[in-house]
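> If it helps, the file is called coords.txt and holds compact mmCIF, C-alpha atoms:
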```
# COMPACT_ATOMS: atom_id res chain seq x y z
CA MET A 1 -91.23 2.72 -2.90
CA GLU A 2 -89.88 5.58 -0.78
CA LEU A 3 -91.38 3.78 2.20
CA LEU A 4 -88.58 1.21 1.88
CA LYS A 5 -86.06 3.84 2.93
CA LYS A 6 -87.69 3.84 6.39
CA ILE A 7 -86.40 0.32 7.06
CA LYS A 8 -83.69 0.60 9.71
CA ARG A 9 -80.34 -1.19 9.75
CA ILE A 10 -79.87 -3.42 12.77
CA ASP A 11 -76.79 -5.03 14.26
CA ALA A 12 -76.16 -8.74 13.86
CA PRO A 13 -76.34 -10.63 17.18
CA ASP A 14 -72.97 -11.16 18.91
CA HIS A 15 -73.25 -14.92 19.42
CA ILE A 16 -73.32 -15.78 15.71
CA TYR A 17 -69.53 -15.64 15.26
CA ASP A 18 -69.00 -18.21 18.01
CA GLN A 19 -71.57 -20.48 16.36
CA ILE A 20 -69.77 -20.17 13.04
CA VAL A 21 -66.42 -21.05 14.61
CA LYS A 22 -67.96 -24.02 16.41
CA HIS A 23 -69.45 -25.21 13.13
CA ILE A 24 -66.04 -25.03 11.46
CA GLU A 25 -64.40 -26.91 14.34
CA ASP A 26 -67.11 -29.60 14.27
CA ARG A 27 -66.55 -30.11 10.54
CA LYS A 28 -62.82 -30.67 11.13
CA ILE A 29 -63.55 -33.36 13.73
CA GLN A 30 -65.90 -35.19 11.37
CA ILE A 31 -63.37 -35.25 8.54
CA ILE A 32 -60.60 -37.12 10.44
CA PRO A 33 -62.44 -40.41 11.15
CA MET A 34 -63.49 -40.72 7.49
CA TYR A 35 -59.86 -40.42 6.43
CA LYS A 36 -58.81 -43.10 8.87
CA ILE A 37 -61.63 -45.36 7.78
CA ALA A 38 -60.54 -45.03 4.15
CA ILE A 39 -56.96 -46.07 5.04
CA ALA A 40 -58.20 -49.00 7.10
CA VAL A 41 -60.46 -50.24 4.32
CA SER A 42 -57.65 -49.96 1.76
CA LEU A 43 -55.26 -51.95 3.98
CA LEU A 44 -57.90 -54.60 4.52
CA LEU A 45 -58.49 -54.97 0.79
CA VAL A 46 -54.74 -55.29 0.18
CA LEU A 47 -54.49 -57.99 2.85
CA ILE A 48 -57.42 -59.94 1.44
CA ALA A 49 -56.00 -59.71 -2.08
CA SER A 50 -52.55 -60.82 -0.90
CA GLU A 51 -53.97 -63.74 1.00
CA THR A 52 -56.01 -64.83 -2.03
CA ILE A 53 -52.99 -64.69 -4.34
CA ILE A 54 -50.65 -66.42 -1.90
CA GLY A 55 -53.29 -68.97 -1.05
CA THR A 56 -53.79 -69.82 -4.74
CA LYS A 57 -50.04 -70.28 -5.27
CA LEU A 58 -49.71 -72.51 -2.22
CA ASN A 59 -52.54 -74.70 -3.47
CA LYS A 60 -50.79 -75.17 -6.81
CA VAL A 61 -47.52 -76.19 -5.09
CA SER A 62 -49.22 -78.69 -2.81
CA GLN A 63 -51.06 -80.20 -5.79
CA SER A 64 -47.76 -80.69 -7.63
CA SER A 65 -46.13 -82.40 -4.58
CA GLY A 66 -49.21 -84.59 -4.27
CA ASN A 67 -48.77 -85.77 -7.85
CA LEU A 68 -45.11 -86.67 -7.28
CA GLU A 69 -45.99 -88.65 -4.19
CA GLN A 70 -48.64 -90.55 -6.10
CA LEU A 71 -46.08 -91.38 -8.79
CA PHE A 72 -43.72 -92.94 -6.27
CA MET A 73 -46.52 -94.75 -4.51
CA GLN A 74 -47.84 -96.28 -7.73
CA MET A 75 -47.28 -99.97 -7.96
CA ASP A 76 -46.09 -100.27 -11.49
CA ASN A 77 -44.35 -103.41 -12.56
CA ASN A 78 -43.77 -102.34 -16.14
CA LEU A 79 -40.09 -101.83 -15.54
CA TYR A 80 -39.71 -105.39 -14.39
CA ASN A 81 -41.53 -106.76 -17.41
CA GLU A 82 -39.05 -105.40 -19.93
CA MET B 1 -62.77 -0.47 4.13
CA LEU B 2 -61.54 -3.92 3.27
CA SER B 3 -62.87 -3.73 -0.26
CA SER B 4 -60.24 -1.22 -1.36
CA TYR B 5 -57.24 -3.10 0.05
CA PRO B 6 -54.71 -4.73 -2.34
CA LEU B 7 -54.31 -8.51 -2.34
CA ASN B 8 -51.25 -8.80 -0.08
CA ILE B 9 -53.04 -6.98 2.71
CA ILE B 10 -56.25 -8.97 2.18
CA CYS B 11 -54.22 -12.17 2.65
CA GLN B 12 -53.09 -10.94 6.04
CA LEU B 13 -56.56 -10.19 7.23
CA THR B 14 -58.14 -12.86 9.35
CA PHE B 15 -61.52 -14.42 8.77
CA GLU B 16 -62.64 -12.76 12.00
CA GLN B 17 -61.85 -9.31 10.66
CA ILE B 18 -63.77 -9.99 7.48
CA TYR B 19 -66.70 -11.27 9.52
CA HIS B 20 -66.86 -8.16 11.69
CA GLU B 21 -66.52 -5.90 8.65
CA TYR B 22 -69.43 -7.45 6.74
CA LYS B 23 -71.68 -9.15 9.31
CA ASN B 24 -74.24 -6.32 9.44
CA LEU B 25 -74.35 -6.05 5.66
CA VAL B 26 -75.13 -9.76 5.32
CA TYR B 27 -77.55 -9.83 8.27
CA ASN B 28 -79.62 -6.89 7.03
CA LEU B 29 -79.66 -8.17 3.46
CA SER B 30 -80.87 -11.59 4.63
CA LEU B 31 -83.54 -9.87 6.71
CA GLN B 32 -84.87 -8.01 3.65
CA TYR B 33 -85.29 -11.37 1.89
CA THR B 34 -86.75 -13.43 4.72
CA ASN B 35 -88.40 -10.79 6.97
CA ASN B 36 -87.58 -13.02 9.93
CA VAL B 37 -84.67 -12.48 12.35
CA HIS B 38 -84.12 -16.18 13.07
CA ASP B 39 -83.96 -17.05 9.37
CA ALA B 40 -81.59 -14.12 8.82
CA GLU B 41 -79.30 -15.46 11.57
CA GLU B 42 -79.24 -18.86 9.89
CA ILE B 43 -78.37 -17.33 6.53
CA LEU B 44 -75.68 -15.17 8.16
CA GLN B 45 -74.00 -18.34 9.43
CA ASP B 46 -74.30 -20.10 6.07
CA VAL B 47 -72.86 -17.12 4.20
CA PHE B 48 -69.77 -16.86 6.37
CA LEU B 49 -69.20 -20.62 6.29
CA LYS B 50 -69.13 -20.27 2.51
CA VAL B 51 -66.81 -17.26 2.79
CA PHE B 52 -64.50 -19.31 5.00
CA ASP B 53 -64.52 -22.24 2.57
CA HIS B 54 -63.85 -20.11 -0.51
CA LEU B 55 -61.60 -17.36 0.83
CA GLY B 56 -58.61 -18.98 -0.86
CA GLU B 57 -60.35 -18.74 -4.23
CA PHE B 58 -61.17 -15.05 -3.86
CA ARG B 59 -59.62 -13.21 -6.78
CA SER B 60 -57.64 -10.06 -6.06
CA THR B 61 -59.26 -8.24 -8.95
CA ALA B 62 -62.74 -8.75 -7.51
CA ASP B 63 -64.17 -6.39 -4.95
CA MET B 64 -64.68 -8.24 -1.65
CA LYS B 65 -67.90 -6.37 -0.86
CA THR B 66 -69.40 -7.38 -4.23
CA TRP B 67 -68.28 -10.98 -3.69
CA ILE B 68 -69.85 -11.20 -0.24
CA TYR B 69 -73.04 -9.51 -1.44
CA ARG B 70 -73.28 -12.11 -4.22
CA ILE B 71 -72.89 -15.01 -1.77
CA ALA B 72 -75.48 -13.45 0.56
CA VAL B 73 -78.00 -12.94 -2.26
CA ASN B 74 -77.60 -16.54 -3.46
CA GLN B 75 -77.82 -18.01 0.04
CA SER B 76 -80.94 -15.95 0.81
CA LEU B 77 -82.65 -17.07 -2.40
CA ASP B 78 -81.68 -20.71 -1.75
CA PHE B 79 -83.05 -20.46 1.77
CA ILE B 80 -86.39 -19.11 0.53
CA LYS B 81 -86.60 -21.86 -2.09
CA SER B 82 -86.00 -24.56 0.51
CA GLN B 83 -88.68 -23.03 2.76
CA GLN B 84 -91.13 -23.00 -0.14
CA ARG B 85 -90.35 -26.65 -0.96
CA LYS B 86 -91.13 -27.64 2.63
CA LYS B 87 -94.45 -25.81 2.46
CA ARG B 88 -95.44 -27.59 -0.74
CA SER B 89 -95.63 -30.81 1.23
CA PHE B 90 -97.66 -33.87 0.47
CA LEU B 91 -99.78 -33.17 3.53
CA ASN B 92 -100.76 -29.74 2.24
CA GLN B 93 -101.72 -31.25 -1.07
CA LEU B 94 -103.70 -33.94 0.69
CA LEU B 95 -105.58 -31.32 2.69
CA ARG B 96 -106.20 -29.44 -0.58
CA ILE B 97 -104.44 -26.32 0.61
CA ASP B 98 -103.22 -24.49 -2.50
CA PRO B 99 -99.50 -25.31 -2.24
CA ASN B 100 -98.34 -22.53 -4.55
CA GLU B 101 -100.27 -19.82 -2.76
CA GLN B 102 -99.18 -20.92 0.69
CA ALA B 103 -95.56 -21.35 -0.34
CA PHE B 104 -95.30 -17.71 -1.33
CA GLU B 105 -96.52 -16.33 1.98
CA ILE B 106 -94.26 -15.29 4.84
CA SER B 107 -95.45 -17.46 7.70
CA ASP B 108 -93.69 -15.62 10.54
CA PHE B 109 -93.10 -11.92 9.83
CA ASN B 110 -90.53 -10.68 12.35
CA HIS B 111 -88.47 -7.83 10.87
CA LEU B 112 -86.71 -5.78 13.56
CA GLY B 113 -85.78 -3.04 11.10
CA ILE B 114 -89.43 -2.01 10.77
CA ASP B 115 -90.64 0.23 13.57
CA PHE B 116 -94.20 0.40 14.91
CA GLU B 117 -95.00 3.67 13.15
CA ASN B 118 -94.65 2.22 9.65
CA LYS B 119 -95.33 -1.42 10.49
CA GLU B 120 -98.59 -1.98 8.67
CA ALA B 121 -97.67 -0.33 5.38
CA LEU B 122 -94.12 -1.71 5.30
CA GLU B 123 -95.21 -5.22 6.22
CA LEU B 124 -97.71 -5.20 3.35
CA LEU B 125 -95.05 -3.95 0.93
CA MET B 126 -92.44 -6.49 2.09
CA ARG B 127 -94.95 -9.34 1.75
CA LYS B 128 -95.59 -8.28 -1.85
CA ILE B 129 -91.87 -8.00 -2.57
CA TYR B 130 -91.41 -11.51 -1.15
CA LYS B 131 -93.76 -12.86 -3.82
CA LEU B 132 -91.87 -11.30 -6.74
CA PRO B 133 -89.72 -13.47 -9.03
CA GLU B 134 -86.15 -13.86 -7.72
CA ASN B 135 -84.43 -11.37 -10.03
CA GLN B 136 -87.03 -8.66 -9.58
CA LYS B 137 -86.99 -9.17 -5.80
CA THR B 138 -83.19 -8.89 -5.73
CA VAL B 139 -83.15 -5.70 -7.79
CA ILE B 140 -85.75 -4.01 -5.56
CA ILE B 141 -83.91 -5.02 -2.38
CA LEU B 142 -80.47 -3.97 -3.62
CA LEU B 143 -81.56 -0.71 -5.28
CA LYS B 144 -84.23 0.55 -2.91
CA ILE B 145 -83.41 -0.94 0.50
CA GLU B 146 -79.65 -1.46 0.32
CA ASP B 147 -79.45 1.80 -1.65
CA LEU B 148 -76.81 0.57 -4.09
CA SER B 149 -76.16 2.11 -7.48
CA GLN B 150 -77.28 0.44 -10.71
CA LYS B 151 -73.63 -0.37 -11.49
CA GLU B 152 -73.12 -2.03 -8.09
CA VAL B 153 -76.32 -4.06 -8.51
CA ALA B 154 -75.24 -5.07 -12.04
CA ASP B 155 -71.86 -6.25 -10.70
CA ILE B 156 -73.45 -8.27 -7.90
CA MET B 157 -76.04 -9.90 -10.17
CA GLN B 158 -73.54 -10.22 -13.04
CA ILE B 159 -75.93 -8.63 -15.52
CA SER B 160 -75.87 -5.38 -17.49
CA GLU B 161 -77.09 -2.07 -16.08
CA GLY B 162 -79.78 -2.10 -18.75
CA ALA B 163 -81.00 -5.45 -17.45
CA VAL B 164 -81.08 -4.04 -13.91
CA GLU B 165 -83.26 -1.14 -15.08
CA SER B 166 -85.53 -3.48 -16.99
CA LEU B 167 -85.98 -5.77 -13.98
CA PHE B 168 -86.67 -2.76 -11.76
CA GLN B 169 -89.41 -1.46 -14.05
CA ARG B 170 -91.02 -4.91 -14.22
CA ALA B 171 -90.88 -5.24 -10.45
CA LYS B 172 -92.52 -1.80 -10.01
CA THR B 173 -95.29 -2.78 -12.43
CA ASN B 174 -95.91 -6.06 -10.61
CA LEU B 175 -96.00 -4.33 -7.23
CA LYS B 176 -98.45 -1.69 -8.49
CA LYS B 177 -100.80 -4.44 -9.67
CA VAL B 178 -101.08 -5.98 -6.22
CA LEU B 179 -100.91 -2.89 -3.98
```
How does the structure come out when it is put into structure tokens?


Amino acid sequence: MELLKKIKRIDAPDHIYDQIVKHIEDRKIQIIPMYKIAIAVSLLLVLIASETIIGTKLNKVSQSSGNLEQLFMQMDNNLYNE
Amino acid sequence: MLSSYPLNIICQLTFEQIYHEYKNLVYNLSLQYTNNVHDAEEILQDVFLKVFDHLGEFRSTADMKTWIYRIAVNQSLDFIKSQQRKKRSFLNQLLRIDPNEQAFEISDFNHLGIDFENKEALELLMRKIYKLPENQKTVIILLKIEDLSQKEVADIMQISEGAVESLFQRAKTNLKKVL
């Protein structure tokens, strides 16, 4: 076990710090696009949902107007038969 | 030494200062675990990336040296485990190479802290230490190579001093069996 004391301490290579800093910088660059993608996807979902809701309401209104038009167009002589 | 500074001064210290203070500690510790300079460099990077990520969580009451030692020990053990998983590959099993035996061998021994004079004996000893269970390996490395006290080792491993002594005795017994 005393043999282990003969192991020498050596200095860490100089270039490692630069590699660490580069790694940190690269991680920052990767994070930004993901954030933007998340915002874009959220906006898209909101737009699709809005369009679906608005589209549904417009369909209901046009159906109602259609019914009124049909009522006027109907040839009904009941009134005259009274 | 950074480890004895109060919190307000620690906050002012830059990551770069912390790196330069502890880089050799981490590098040499990683080398004792892996016995390979390239693996030690990789662990050195991983340790300081973790230090960078968690520096804000570092508690003022904790000793920075102990904290960095703990990260380095865990990263070194994780690195060894991932290397062993790669060795226990399907191909090795297909070729009927004993995956457990091969996984516990150092494939590329390249330890710059071992000089030519003691190379043979030390390489044999380090290869045997490499095969020890994680806790026993850590105790031997911290007590006998890093030359820390039992209290320091207990703080790093978050166990009692009695447990450190017990692990050390078991490690010695296991090493005597194989040497």

> Up to 10 Å from chain A, what residues of chain B turn up? Count all atoms listed in the file and give them as JSON, numbers by chain.

{"B": [16, 19, 20, 22, 23, 24, 25, 26, 27, 28, 29, 31, 32, 37, 40, 41, 42, 44, 45, 46, 47, 48, 49, 52, 53, 111, 112, 113, 114, 115, 117, 118, 119, 121, 122, 125, 126, 140, 141, 144, 145, 146, 147, 172, 175]}

> Val164 (chain B): which residues within 7 Å, counting all atoms listed in the file, same-chain residues fewer than 5 positions away excluded, as a ChimeraX atom specification?

/B:139,150,154

> Would you compute the distance between CA of Lys177 (chain B) and CA of Leu124 (chain B)? Give it in Å to one decimal.

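We find that CA of Lys177 (chain B) and CA of Leu124 (chain B) lie 13.4 Å from each other.
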
> With distances taken over only C-alpha atoms, which residue among B:Tyr130, B:Phe168, B:Phe79, B:Phe109 lies nearest Ile43 (chain B)?

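Looking only at the distances to Ile43 (chain B), the closest residue turns out to be B:Phe79.
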
> So that I can see what lies close to Lys50 (chain B), please list as an MDAnalysis selection string the residues with an atom at most 10 Å from it, counting all atoms listed in the file and leaving out residues fewer than 6 positions away in the same chain.

chainID B and resid 68 71:72 75

> Would you save the residues of that selection, restricted to C-alpha atoms, as a short mmCIF file (atom, residue, chain, number, x, y, z; two decimals), in the frame of the given file?


```cif
data_model
loop_
_atom_site.label_atom_id
_atom_site.label_comp_id
_atom_site.auth_asym_id
_atom_site.auth_seq_id
_atom_site.Cartn_x
_atom_site.Cartn_y
_atom_site.Cartn_z
CA ILE B 68 -69.85 -11.20 -0.24
CA ILE B 71 -72.89 -15.01 -1.77
CA ALA B 72 -75.48 -13.45 0.56
CA GLN B 75 -77.82 -18.01 0.04
#
```

> Rounded to one decimal, what separation in Å do you get between CA of Lys137 (chain B) and CA of Asp108 (chain B)?

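Pair CA of Lys137 (chain B) / CA of Asp108 (chain B) returns 18.8 Å.
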